[in-house]
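Asks: Pasting in a structure now, in structure tokens, and then I'll have a few things to ask.
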Amino acid sequence: MDNAQRVEHSGHHDERRPTMSRSNLAREPWLWAFVGGWAAVVSALHFGGLAYNVYTRIWWWDVLTHSLSGFGVAGVLFLVFPRTFRGVRAPVVVAGIVLAIGAGFEVYEYLFKDFWWGWSMAYYAEDTAIDLVVDVAGGLGFFAFVEGILRSRTPADAASGESSRRIGHLRSDGGEKSGDDSPANR
């Protein structure tokens, strides 16, 4: 159900409520600004880390920049090719593309590794494996981000720029109860 979400109300038949499409979400100016800002921050962290030798002084800096860049790469992928985020295999497709781009960056890193002096090939291989795992984790984080937006917004919300009000909370079986929206259950 790409463009509709099933809503069950007790005592009523199933009805469909339209949700925002991936293509429409990819055209949202705020999302372009968000991904562009994200890219600027990741670039500043990466190149600042290189310039000030942060990568060699703070062990987790590399993990941080790779996870954030995986999120950003998936963001750019979504903005340019929103259909890659559609279907049951979409998480695998997104993970594969982010993995391939991350592997390309690892080749770059290996070719210009003069800033990684003193590393053994075994240590470099371990670092590469960790980098690729967190790249993919970041990419899947963006996938989850998009899915969350799509499930919480309707086309009317997108036009007004507001999030939709929840009618009720989904049960584990996918249905809703009318009383589930009480403040005590939030």
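We name chains A, B, ... following the order of the structure tokens; residues begin at 1 in each chain, and ligands are numbered from 1 as shown.
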With 10 Å as the cut-off and only C-alpha atoms counted, what is the closest atom pair between each nearby residue of segment 39-95 of chain A and segment 25-33 of chain A? Distances in Å to one decimal, ordered by chain and number, as CSV.

Replies:
```
residue,atom,partner,partner_atom,distance
A:Ala39,CA,A:Ala33,CA,9.8
A:Gly75,CA,A:Trp32,CA,8.8
A:Val76,CA,A:Trp32,CA,8.6
A:Leu77,CA,A:Ala26,CA,9.9
A:Phe78,CA,A:Ala26,CA,6.7
A:Leu79,CA,A:Ala26,CA,4.9
A:Val80,CA,A:Ala26,CA,7.7
A:Phe81,CA,A:Ala26,CA,8.5
A:Pro82,CA,A:Ala26,CA,6.3
A:Arg83,CA,A:Ala26,CA,9.8
```

Asks: Give me the residues near Asp135 of chain A as a PDB file with N, CA, C and O atoms, in the first residue's frame, where near means some atom within 10 Å (using only C-alpha atoms) and where sequence neighbours in that chain fewer than 2 positions away do not count.

Replies:
```pdb
ATOM      1  N   VAL A  63      33.762   6.533  13.112  1.00  0.00           N
ATOM      2  CA  VAL A  63      32.447   5.889  13.198  1.00  0.00           C
ATOM      3  C   VAL A  63      31.347   6.942  13.090  1.00  0.00           C
ATOM      4  O   VAL A  63      30.360   6.755  12.357  1.00  0.00           O
ATOM      5  N   LEU A  64      31.519   8.056  13.776  1.00  0.00           N
ATOM      6  CA  LEU A  64      30.536   9.141  13.727  1.00  0.00           C
ATOM      7  C   LEU A  64      30.370   9.667  12.307  1.00  0.00           C
ATOM      8  O   LEU A  64      29.244   9.749  11.796  1.00  0.00           O
ATOM      9  N   THR A  65      31.481  10.000  11.663  1.00  0.00           N
ATOM     10  CA  THR A  65      31.370  10.587  10.323  1.00  0.00           C
ATOM     11  C   THR A  65      30.823   9.595   9.304  1.00  0.00           C
ATOM     12  O   THR A  65      30.057   9.981   8.420  1.00  0.00           O
ATOM     13  N   HIS A  66      31.173   8.329   9.443  1.00  0.00           N
ATOM     14  CA  HIS A  66      30.633   7.339   8.498  1.00  0.00           C
ATOM     15  C   HIS A  66      29.141   7.109   8.705  1.00  0.00           C
ATOM     16  O   HIS A  66      28.394   6.970   7.728  1.00  0.00           O
ATOM     17  N   SER A  67      28.681   7.048   9.932  1.00  0.00           N
ATOM     18  CA  SER A  67      27.248   6.844  10.151  1.00  0.00           C
ATOM     19  C   SER A  67      26.448   8.051   9.662  1.00  0.00           C
ATOM     20  O   SER A  67      25.405   7.890   9.017  1.00  0.00           O
ATOM     21  N   LEU A  68      26.942   9.247   9.933  1.00  0.00           N
ATOM     22  CA  LEU A  68      26.258  10.448   9.464  1.00  0.00           C
ATOM     23  C   LEU A  68      26.304  10.563   7.944  1.00  0.00           C
ATOM     24  O   LEU A  68      25.337  11.007   7.317  1.00  0.00           O
ATOM     25  N   SER A  69      27.416  10.145   7.345  1.00  0.00           N
ATOM     26  CA  SER A  69      27.494  10.218   5.884  1.00  0.00           C
ATOM     27  C   SER A  69      26.602   9.169   5.231  1.00  0.00           C
ATOM     28  O   SER A  69      26.011   9.429   4.171  1.00  0.00           O
ATOM     29  N   GLY A  70      26.458   7.984   5.827  1.00  0.00           N
ATOM     30  CA  GLY A  70      25.523   6.990   5.292  1.00  0.00           C
ATOM     31  C   GLY A  70      24.103   7.521   5.288  1.00  0.00           C
ATOM     32  O   GLY A  70      23.346   7.326   4.328  1.00  0.00           O
ATOM     33  N   PHE A  71      23.725   8.226   6.352  1.00  0.00           N
ATOM     34  CA  PHE A  71      22.411   8.870   6.438  1.00  0.00           C
ATOM     35  C   PHE A  71      22.270   9.892   5.309  1.00  0.00           C
ATOM     36  O   PHE A  71      21.255   9.945   4.617  1.00  0.00           O
ATOM     37  N   GLY A  72      23.315  10.706   5.114  1.00  0.00           N
ATOM     38  CA  GLY A  72      23.278  11.740   4.079  1.00  0.00           C
ATOM     39  C   GLY A  72      23.263  11.180   2.665  1.00  0.00           C
ATOM     40  O   GLY A  72      22.564  11.696   1.795  1.00  0.00           O
ATOM     41  N   VAL A  73      24.038  10.126   2.427  1.00  0.00           N
ATOM     42  CA  VAL A  73      24.049   9.494   1.101  1.00  0.00           C
ATOM     43  C   VAL A  73      22.664   8.952   0.782  1.00  0.00           C
ATOM     44  O   VAL A  73      22.148   9.129  -0.334  1.00  0.00           O
ATOM     45  N   ALA A  74      22.031   8.306   1.753  1.00  0.00           N
ATOM     46  CA  ALA A  74      20.667   7.813   1.539  1.00  0.00           C
ATOM     47  C   ALA A  74      19.707   8.984   1.319  1.00  0.00           C
ATOM     48  O   ALA A  74      18.756   8.867   0.530  1.00  0.00           O
ATOM     49  N   ALA A  95      20.390  -0.197   1.271  1.00  0.00           N
ATOM     50  CA  ALA A  95      21.607  -0.663   1.947  1.00  0.00           C
ATOM     51  C   ALA A  95      22.688  -1.013   0.932  1.00  0.00           C
ATOM     52  O   ALA A  95      23.859  -0.657   1.122  1.00  0.00           O
ATOM     53  N   VAL A  98      24.120   2.290  -0.623  1.00  0.00           N
ATOM     54  CA  VAL A  98      24.962   2.979   0.369  1.00  0.00           C
ATOM     55  C   VAL A  98      26.258   2.201   0.592  1.00  0.00           C
ATOM     56  O   VAL A  98      27.340   2.791   0.700  1.00  0.00           O
ATOM     57  N   LEU A  99      26.168   0.886   0.629  1.00  0.00           N
ATOM     58  CA  LEU A  99      27.361   0.053   0.774  1.00  0.00           C
ATOM     59  C   LEU A  99      28.320   0.261  -0.403  1.00  0.00           C
ATOM     60  O   LEU A  99      29.531   0.410  -0.209  1.00  0.00           O
ATOM     61  N   ALA A 100      27.793   0.307  -1.615  1.00  0.00           N
ATOM     62  CA  ALA A 100      28.637   0.499  -2.800  1.00  0.00           C
ATOM     63  C   ALA A 100      29.318   1.868  -2.777  1.00  0.00           C
ATOM     64  O   ALA A 100      30.516   1.984  -3.074  1.00  0.00           O
ATOM     65  N   ILE A 101      28.585   2.895  -2.413  1.00  0.00           N
ATOM     66  CA  ILE A 101      29.178   4.237  -2.337  1.00  0.00           C
ATOM     67  C   ILE A 101      30.207   4.295  -1.212  1.00  0.00           C
ATOM     68  O   ILE A 101      31.288   4.873  -1.365  1.00  0.00           O
ATOM     69  N   GLY A 102      29.899   3.665  -0.080  1.00  0.00           N
ATOM     70  CA  GLY A 102      30.859   3.599   1.021  1.00  0.00           C
ATOM     71  C   GLY A 102      32.120   2.852   0.627  1.00  0.00           C
ATOM     72  O   GLY A 102      33.238   3.248   0.986  1.00  0.00           O
ATOM     73  N   ALA A 103      31.964   1.777  -0.141  1.00  0.00           N
ATOM     74  CA  ALA A 103      33.127   1.014  -0.609  1.00  0.00           C
ATOM     75  C   ALA A 103      33.977   1.875  -1.540  1.00  0.00           C
ATOM     76  O   ALA A 103      35.218   1.824  -1.483  1.00  0.00           O
ATOM     77  N   ALA A 129      35.777  -2.562   7.352  1.00  0.00           N
ATOM     78  CA  ALA A 129      34.560  -3.329   7.644  1.00  0.00           C
ATOM     79  C   ALA A 129      33.641  -2.547   8.585  1.00  0.00           C
ATOM     80  O   ALA A 129      32.423  -2.464   8.358  1.00  0.00           O
ATOM     81  N   ILE A 130      34.203  -1.964   9.629  1.00  0.00           N
ATOM     82  CA  ILE A 130      33.402  -1.165  10.570  1.00  0.00           C
ATOM     83  C   ILE A 130      32.798   0.034   9.853  1.00  0.00           C
ATOM     84  O   ILE A 130      31.612   0.347  10.025  1.00  0.00           O
ATOM     85  N   ASP A 131      33.599   0.714   9.047  1.00  0.00           N
ATOM     86  CA  ASP A 131      33.104   1.881   8.301  1.00  0.00           C
ATOM     87  C   ASP A 131      31.915   1.510   7.416  1.00  0.00           C
ATOM     88  O   ASP A 131      30.921   2.234   7.368  1.00  0.00           O
ATOM     89  N   LEU A 132      32.002   0.393   6.721  1.00  0.00           N
ATOM     90  CA  LEU A 132      30.922  -0.013   5.823  1.00  0.00           C
ATOM     91  C   LEU A 132      29.659  -0.386   6.592  1.00  0.00           C
ATOM     92  O   LEU A 132      28.546  -0.077   6.156  1.00  0.00           O
ATOM     93  N   VAL A 133      29.830  -1.027   7.739  1.00  0.00           N
ATOM     94  CA  VAL A 133      28.659  -1.385   8.559  1.00  0.00           C
ATOM     95  C   VAL A 133      27.947  -0.125   9.043  1.00  0.00           C
ATOM     96  O   VAL A 133      26.721  -0.023   8.966  1.00  0.00           O
ATOM     97  N   ALA A 137      24.224   1.334   8.296  1.00  0.00           N
ATOM     98  CA  ALA A 137      23.329   1.658   9.423  1.00  0.00           C
ATOM     99  C   ALA A 137      22.788   3.084   9.280  1.00  0.00           C
ATOM    100  O   ALA A 137      21.598   3.334   9.503  1.00  0.00           O
ATOM    101  N   GLY A 138      23.642   4.014   8.902  1.00  0.00           N
ATOM    102  CA  GLY A 138      23.192   5.388   8.679  1.00  0.00           C
ATOM    103  C   GLY A 138      22.189   5.468   7.537  1.00  0.00           C
ATOM    104  O   GLY A 138      21.186   6.171   7.629  1.00  0.00           O
ATOM    105  N   GLY A 139      22.452   4.744   6.452  1.00  0.00           N
ATOM    106  CA  GLY A 139      21.522   4.729   5.321  1.00  0.00           C
ATOM    107  C   GLY A 139      20.171   4.162   5.695  1.00  0.00           C
ATOM    108  O   GLY A 139      19.127   4.686   5.304  1.00  0.00           O
ATOM    109  N   LEU A 140      20.173   3.091   6.472  1.00  0.00           N
ATOM    110  CA  LEU A 140      18.905   2.511   6.921  1.00  0.00           C
ATOM    111  C   LEU A 140      18.207   3.429   7.918  1.00  0.00           C
ATOM    112  O   LEU A 140      16.971   3.431   8.010  1.00  0.00           O
ATOM    113  N   GLY A 141      18.987   4.222   8.639  1.00  0.00           N
ATOM    114  CA  GLY A 141      18.390   5.234   9.523  1.00  0.00           C
ATOM    115  C   GLY A 141      17.601   6.260   8.721  1.00  0.00           C
ATOM    116  O   GLY A 141      16.503   6.656   9.108  1.00  0.00           O
TER     117      GLY A 141
END
```

Asks: Figure out the distance between atom CA of Ala144 of chain A and atom CA of Tyr55 of chain A, please, to one decimal in Å.

Replies: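 If I compute the distance from atom CA of Tyr55 of chain A to atom CA of Ala144 of chain A, I get 28.3 Å.
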
Asks: Could you work out how far atom CA of Glu147 of chain A lies from atom CA of Gly36 of chain A, giving the answer in Å with one decimal?

Replies: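 For atom CA of Gly36 of chain A relative to atom CA of Glu147 of chain A, the distance reads 19.6 Å.
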
Asks: Excluding Thr84 of chain A and residues on its chain fewer than 6 positions from it, collect all residues at most 10 Å away from it, counting only C-alpha atoms, and give them as a compact mmCIF listing (two decimals) with N, CA and C atoms, in the first residue's frame.

Replies:
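What ended up in out-v7.txt:
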```txt
# COMPACT_ATOMS: atom_id res chain seq x y z
N ARG A 22 6.08 9.08 -1.95
CA ARG A 22 7.53 9.29 -1.86
C ARG A 22 7.97 10.38 -2.83
N ALA A 74 22.03 8.31 1.75
CA ALA A 74 20.67 7.81 1.54
C ALA A 74 19.71 8.98 1.32
N LEU A 77 20.18 10.04 -2.23
CA LEU A 77 19.58 8.99 -3.04
C LEU A 77 18.07 9.15 -3.08
N PHE A 78 17.45 9.41 -1.93
CA PHE A 78 16.00 9.57 -1.88
C PHE A 78 15.54 10.79 -2.68
N ALA A 90 13.05 -2.53 -0.70
CA ALA A 90 13.67 -1.20 -0.65
C ALA A 90 14.79 -1.09 0.39
N PRO A 91 14.62 -1.61 1.61
CA PRO A 91 15.74 -1.49 2.56
C PRO A 91 17.01 -2.18 2.05
N VAL A 92 16.85 -3.31 1.37
CA VAL A 92 18.00 -4.03 0.83
C VAL A 92 18.65 -3.22 -0.30
N VAL A 93 17.82 -2.62 -1.15
CA VAL A 93 18.32 -1.81 -2.25
C VAL A 93 19.07 -0.60 -1.71
N VAL A 94 18.46 0.11 -0.77
CA VAL A 94 19.10 1.28 -0.18
C VAL A 94 20.41 0.88 0.50
N ILE A 97 23.11 0.18 -2.16
CA ILE A 97 23.63 1.38 -2.82
C ILE A 97 24.55 2.14 -1.87
```

Asks: In Å, rounded to a single decimal, give me how far atom CA of Val134 of chain A is from atom CA of Gly118 of chain A.

Replies: 23.4 Å

Asks: Go through segment 12-159 of chain A and collect every residue that DSSP, computed from the backbone, puts in strand (DSSP E); the answer should be as a list of chain:residue names.

Replies: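 After running DSSP on the backbone, segment 12-159 of chain A has strand (DSSP E) at A:Glu15, A:Arg16, A:Arg17, A:Pro18.
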